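Have a look at the structure below before the remarks.
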Amino acid sequence: MIFREQNFGRILIPYGFSVYFIVQVEIFRFVENENTLQYIKAIKHELLLNVNDIVAVGTESFYATNDLYFTNGILKFVEPFLSLPWCDVVYYSPQTLQVVAGGFLIANGIKISPDKRHLYVSNIMKHKISVTNPVHELPISLTLVDVGSVCDNIEVDHESGDLWLSCHPNGLKFMLSDPNDPPGSEVRYKSIIPCSPVAQGDSGRLYADDGSVIVASSVATQYGGKLLIGTVYQKALICDLKL
């Protein structure tokens with residue numbers, strides 16, 4: 001998730017990646033009138049173990065999820081089968097880098113509410129979303145909200161505050177990824193009540209297929225009456241949205 005500087009209109013883009021077991025987050029500034037990216041800095045730290053997703057909250061500050069604990073290739077492969085609640089959410093700023101929430105089997109997608117008070121984290125192995133108390137009130141605590149599917153990534157509607165959840169309807173088929181029996185795709189939405197973000201409002205399924213159209217949906221968002229769905233390793237899909 002990007003961060004827009006209010007005073008200057010500049011867009012900051014943090015990006016996490018791993019190459020040869022070296023994990024780092026790089027921050028770029030998007031120069032809109034030139035349509036280019038300006039490199040700002042790279043961040044490496046022992047707490048940035050296996051960065052999955054990032055939500056920017058300042059010019060050089062962000063929350064990030066670690067979706068695995070081990071850094072060894074073999075251990076990373078077997079870790080999801082061991083049910084070890086060792087994954088976490090970390091906060092970075094130029095002054096500090098610290099773990100702010102832990103106990104995840106896998107911490108996947110992360111987003112922040114429009115008022116910047118609550119984090120939403122995909123607790124993928126529990127088929128739930130973890131919602132934090134106001135992030136300025138330490139220590140951060142988590143409340144679980146049912147999704148009813150294996151939620152990969154989360155998008156937030158910045159007008160309504162609704163969550164757009166891209167899901168895997170069958171987690172085992174997603175892990176096996178058999179081309180002869182491909183994993184399906186599913187997009188759900190969930191309304192969050194502003195005065196009580198852990199309470200569940202309306203929810204429902206917006207899109208579903210058995211893998212015959214797209215395989216393994218990983219992210220979804222809506223804009224201008226259209227629903228755009230991305231996948232883990234296949235094509236994207238755009239369709240008309242009727243709510």
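Numbering starts fresh at 1 for the residues of each chain in the structure tokens, the chains themselves are lettered A, B, ... in the order given, and ligands are numbered from 1 as they appear.
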Write out as a list of chain:residue names each polymer residue whose atoms come within 7 Å of A:Leu68, counting only C-alpha atoms; drop sequence neighbours fewer than 6 positions from it.
A:Asn50, A:Lys76, A:Cys87, A:Ile106
Just asking: which residues within stretch 9-81 of chain A are strand (DSSP E) according to DSSP, as a ChimeraX atom specification?
/A:11-19,22-31,36-43,51-56,62-66
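Contact shell of stretch 101-103 of chain A at 7 Å (only C-alpha atoms; same-chain neighbours under 5 positions omitted): Pro85, Trp86, Cys87, Asp88, Val89 and Ile140 of chain A.
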Suppose we keep all heavy atoms; can you now write the selection as a PDB file, in the first residue's frame?
```pdb
ATOM      1  N   PRO A  85       3.072 -21.015  15.567  1.00  0.00           N
ATOM      2  CA  PRO A  85       2.564 -19.629  15.581  1.00  0.00           C
ATOM      3  C   PRO A  85       3.687 -18.612  15.818  1.00  0.00           C
ATOM      4  O   PRO A  85       3.676 -17.857  16.782  1.00  0.00           O
ATOM      5  CB  PRO A  85       1.567 -19.654  16.742  1.00  0.00           C
ATOM      6  CG  PRO A  85       2.153 -20.639  17.696  1.00  0.00           C
ATOM      7  CD  PRO A  85       2.823 -21.703  16.852  1.00  0.00           C
ATOM      8  N   TRP A  86       4.642 -18.567  14.909  1.00  0.00           N
ATOM      9  CA  TRP A  86       5.842 -17.758  15.109  1.00  0.00           C
ATOM     10  C   TRP A  86       5.936 -16.586  14.138  1.00  0.00           C
ATOM     11  O   TRP A  86       6.945 -15.868  14.137  1.00  0.00           O
ATOM     12  CB  TRP A  86       7.090 -18.630  14.961  1.00  0.00           C
ATOM     13  CG  TRP A  86       7.253 -19.660  16.047  1.00  0.00           C
ATOM     14  CD1 TRP A  86       6.485 -19.799  17.179  1.00  0.00           C
ATOM     15  CD2 TRP A  86       8.232 -20.706  16.101  1.00  0.00           C
ATOM     16  NE1 TRP A  86       6.921 -20.843  17.935  1.00  0.00           N
ATOM     17  CE2 TRP A  86       7.999 -21.432  17.304  1.00  0.00           C
ATOM     18  CE3 TRP A  86       9.279 -21.095  15.281  1.00  0.00           C
ATOM     19  CZ2 TRP A  86       8.774 -22.515  17.671  1.00  0.00           C
ATOM     20  CZ3 TRP A  86      10.053 -22.181  15.644  1.00  0.00           C
ATOM     21  CH2 TRP A  86       9.807 -22.873  16.821  1.00  0.00           C
ATOM     22  N   CYS A  87       4.936 -16.386  13.310  1.00  0.00           N
ATOM     23  CA  CYS A  87       4.969 -15.265  12.364  1.00  0.00           C
ATOM     24  C   CYS A  87       4.412 -14.008  13.032  1.00  0.00           C
ATOM     25  O   CYS A  87       3.690 -14.077  14.029  1.00  0.00           O
ATOM     26  CB  CYS A  87       4.172 -15.608  11.112  1.00  0.00           C
ATOM     27  SG  CYS A  87       4.866 -17.015  10.208  1.00  0.00           S
ATOM     28  N   ASP A  88       4.732 -12.839  12.453  1.00  0.00           N
ATOM     29  CA  ASP A  88       4.395 -11.608  13.163  1.00  0.00           C
ATOM     30  C   ASP A  88       4.196 -10.422  12.219  1.00  0.00           C
ATOM     31  O   ASP A  88       4.339 -10.536  10.995  1.00  0.00           O
ATOM     32  CB  ASP A  88       5.487 -11.272  14.194  1.00  0.00           C
ATOM     33  CG  ASP A  88       6.896 -11.261  13.584  1.00  0.00           C
ATOM     34  OD1 ASP A  88       7.038 -10.923  12.402  1.00  0.00           O
ATOM     35  OD2 ASP A  88       7.859 -11.598  14.318  1.00  0.00           O
ATOM     36  N   VAL A  89       3.843  -9.304  12.847  1.00  0.00           N
ATOM     37  CA  VAL A  89       3.736  -8.005  12.176  1.00  0.00           C
ATOM     38  C   VAL A  89       4.767  -7.087  12.809  1.00  0.00           C
ATOM     39  O   VAL A  89       4.876  -7.005  14.038  1.00  0.00           O
ATOM     40  CB  VAL A  89       2.320  -7.402  12.341  1.00  0.00           C
ATOM     41  CG1 VAL A  89       2.250  -6.014  11.706  1.00  0.00           C
ATOM     42  CG2 VAL A  89       1.273  -8.322  11.732  1.00  0.00           C
ATOM     43  N   ILE A 140      -0.543  -3.578  21.206  1.00  0.00           N
ATOM     44  CA  ILE A 140      -1.565  -3.913  20.224  1.00  0.00           C
ATOM     45  C   ILE A 140      -2.176  -5.269  20.557  1.00  0.00           C
ATOM     46  O   ILE A 140      -1.472  -6.229  20.847  1.00  0.00           O
ATOM     47  CB  ILE A 140      -0.957  -3.924  18.806  1.00  0.00           C
ATOM     48  CG1 ILE A 140      -0.676  -2.479  18.347  1.00  0.00           C
ATOM     49  CG2 ILE A 140      -1.875  -4.625  17.817  1.00  0.00           C
ATOM     50  CD1 ILE A 140      -0.059  -2.387  16.969  1.00  0.00           C
TER      51      ILE A 140
END
```
What parts of stretch 19-205 of chain A does DSSP call alpha helix (DSSP H)? I'd like the answer as a PyMOL selection string.
chain A and resi 73-82+171-176
Take the selection from the previous step and output its residues with C-alpha atoms, as a JSON list (two decimals), in the first residue's frame.
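Output contents, as saved in selection17.json:
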```json
[["chain", "number", "residue", "atom", "x", "y", "z"],
["A", 73, "GLY", "CA", 15.07, -23.07, 2.41],
["A", 74, "ILE", "CA", 14.21, -26.56, 3.65],
["A", 75, "LEU", "CA", 12.74, -25.31, 6.92],
["A", 76, "LYS", "CA", 10.68, -22.71, 5.05],
["A", 77, "PHE", "CA", 9.18, -25.50, 2.96],
["A", 78, "VAL", "CA", 8.11, -27.62, 5.94],
["A", 79, "GLU", "CA", 7.13, -24.76, 8.28],
["A", 80, "PRO", "CA", 3.49, -24.44, 7.06],
["A", 81, "PHE", "CA", 2.93, -28.10, 7.95],
["A", 82, "LEU", "CA", 4.24, -27.69, 11.52],
["A", 171, "GLY", "CA", -6.42, -24.23, 0.76],
["A", 172, "LEU", "CA", -5.14, -27.76, 0.11],
["A", 173, "LYS", "CA", -5.74, -27.50, -3.64],
["A", 174, "PHE", "CA", -3.91, -24.17, -3.63],
["A", 175, "MET", "CA", -0.88, -25.71, -1.90],
["A", 176, "LEU", "CA", -0.84, -28.71, -4.28]]
```
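Candidate residues A:Leu237, A:Val51, A:Leu105, A:Ile229 were compared for distance to A:Tyr91, and the nearest is A:Val51, using only C-alpha atoms.
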Go ahead and compute the interatomic distance for atom CA of A:Asp157 and atom CA of A:Gly224, in Å to one decimal.
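If I compute the distance from atom CA of A:Asp157 to atom CA of A:Gly224, I get 12.1 Å.
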Leaving out A:Pro94 and any residue of its chain fewer than 2 positions from it, which residues lie within 9 Å of it when counting only C-alpha atoms, given as a VMD selection string?
chain A and resid 60 to 61 92 96 to 97
I need the chosen residues saved as an mmCIF file, in the first residue's frame, with N, CA and C atoms.
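Now in result.cif:
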```
data_model
loop_
_atom_site.group_PDB
_atom_site.id
_atom_site.type_symbol
_atom_site.label_atom_id
_atom_site.label_comp_id
_atom_site.auth_asym_id
_atom_site.auth_seq_id
_atom_site.Cartn_x
_atom_site.Cartn_y
_atom_site.Cartn_z
ATOM 1 N N GLU A 60 8.671 7.328 5.471
ATOM 2 C CA GLU A 60 9.634 6.240 5.607
ATOM 3 C C GLU A 60 9.229 5.309 6.744
ATOM 4 N N SER A 61 7.948 5.108 6.933
ATOM 5 C CA SER A 61 7.471 4.222 7.993
ATOM 6 C C SER A 61 6.382 3.314 7.437
ATOM 7 N N TYR A 92 8.163 -0.364 11.209
ATOM 8 C CA TYR A 92 9.434 0.307 10.947
ATOM 9 C C TYR A 92 9.233 1.808 10.826
ATOM 10 N N THR A 96 12.865 3.374 14.814
ATOM 11 C CA THR A 96 12.683 2.080 15.471
ATOM 12 C C THR A 96 12.223 1.031 14.480
ATOM 13 N N LEU A 97 12.466 -0.233 14.820
ATOM 14 C CA LEU A 97 11.872 -1.373 14.127
ATOM 15 C C LEU A 97 11.560 -2.403 15.196
#
```
When you look at A:Tyr63 with a cut-off of 6 Å (counting only C-alpha atoms), what residues show up, excluding the ones that are within fewer than 3 positions of it in the same chain? I need them as a PyMOL selection string.
chain A and resi 54-55+90-91
Can I get the selected residues back with C-alpha atoms, as an mmCIF file, in the first residue's frame?
```cif
data_model
loop_
_atom_site.group_PDB
_atom_site.id
_atom_site.type_symbol
_atom_site.label_atom_id
_atom_site.label_comp_id
_atom_site.auth_asym_id
_atom_site.auth_seq_id
_atom_site.Cartn_x
_atom_site.Cartn_y
_atom_site.Cartn_z
ATOM 1 C CA ILE A 54 3.527 -3.869 3.501
ATOM 2 C CA VAL A 55 1.271 -0.949 4.368
ATOM 3 C CA VAL A 90 6.573 -5.495 12.481
ATOM 4 C CA TYR A 91 6.598 -1.696 12.476
#
```
Just the residues within 8 Å of A:His168, please, counting only C-alpha atoms, with nothing from its chain fewer than 5 positions along; format it as a PyMOL selection string.
chain A and resi 149-152+174+183-186+216-218
Please, what distance in Å, to one decimal, runs between atom CA of A:Phe70 and atom CA of A:Leu84?
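Between atom CA of A:Phe70 and atom CA of A:Leu84 the gap works out to 10.6 Å.
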As a tab-separated table (two decimals) with N, CA and C atoms, in the first residue's frame, please: the residues near A:Glu159 (cut-off 12 Å, only C-alpha atoms, same-chain neighbours under 3 positions excluded).
```tsv
chain	number	residue	atom	x	y	z
A	113	SER	N	-7.11	0.84	8.19
A	113	SER	CA	-8.42	1.46	8.01
A	113	SER	C	-8.27	2.88	7.50
A	114	PRO	N	-9.31	3.42	6.87
A	114	PRO	CA	-9.22	4.78	6.32
A	114	PRO	C	-8.85	5.84	7.36
A	115	ASP	N	-9.23	5.63	8.63
A	115	ASP	CA	-8.89	6.60	9.67
A	115	ASP	C	-7.51	6.33	10.29
A	156	VAL	N	-8.86	-2.20	1.04
A	156	VAL	CA	-9.81	-1.39	1.82
A	156	VAL	C	-10.41	-0.32	0.92
A	162	ASP	N	-15.14	-0.67	3.64
A	162	ASP	CA	-15.37	-2.10	3.41
A	162	ASP	C	-14.07	-2.80	3.02
A	163	LEU	N	-13.98	-4.07	3.37
A	163	LEU	CA	-12.83	-4.88	3.01
A	163	LEU	C	-13.15	-5.75	1.80
A	191	SER	N	-18.16	-5.72	5.47
A	191	SER	CA	-18.31	-4.37	5.98
A	191	SER	C	-17.82	-4.31	7.42
A	192	ILE	N	-17.10	-3.27	7.73
A	192	ILE	CA	-16.62	-3.03	9.09
A	192	ILE	C	-17.36	-1.82	9.66
A	194	PRO	N	-17.81	1.39	11.52
A	194	PRO	CA	-16.80	2.37	11.91
A	194	PRO	C	-16.64	2.55	13.41
A	222	GLN	N	-12.05	-2.89	-6.39
A	222	GLN	CA	-13.07	-2.36	-7.31
A	222	GLN	C	-12.83	-0.89	-7.58
A	223	TYR	N	-13.22	-0.47	-8.79
A	223	TYR	CA	-13.11	0.94	-9.15
A	223	TYR	C	-14.02	1.20	-10.34
```
How far is it from atom CA of A:Ser203 to atom CA of A:Asn170, in Å with one decimal?
19.3 Å
Pick from A:Leu241, A:Val135, A:Ile27, A:Val99 nearest to A:Thr59, counting only C-alpha atoms
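Nearest candidate to A:Thr59 out of A:Leu241, A:Val135, A:Ile27, A:Val99: A:Ile27.
You can rank A:Ala107, A:Ala220, A:Ile43, A:Val57 by their closest distance to A:Tyr69 using only C-alpha atoms, and at the top of that list sits A:Ala107.
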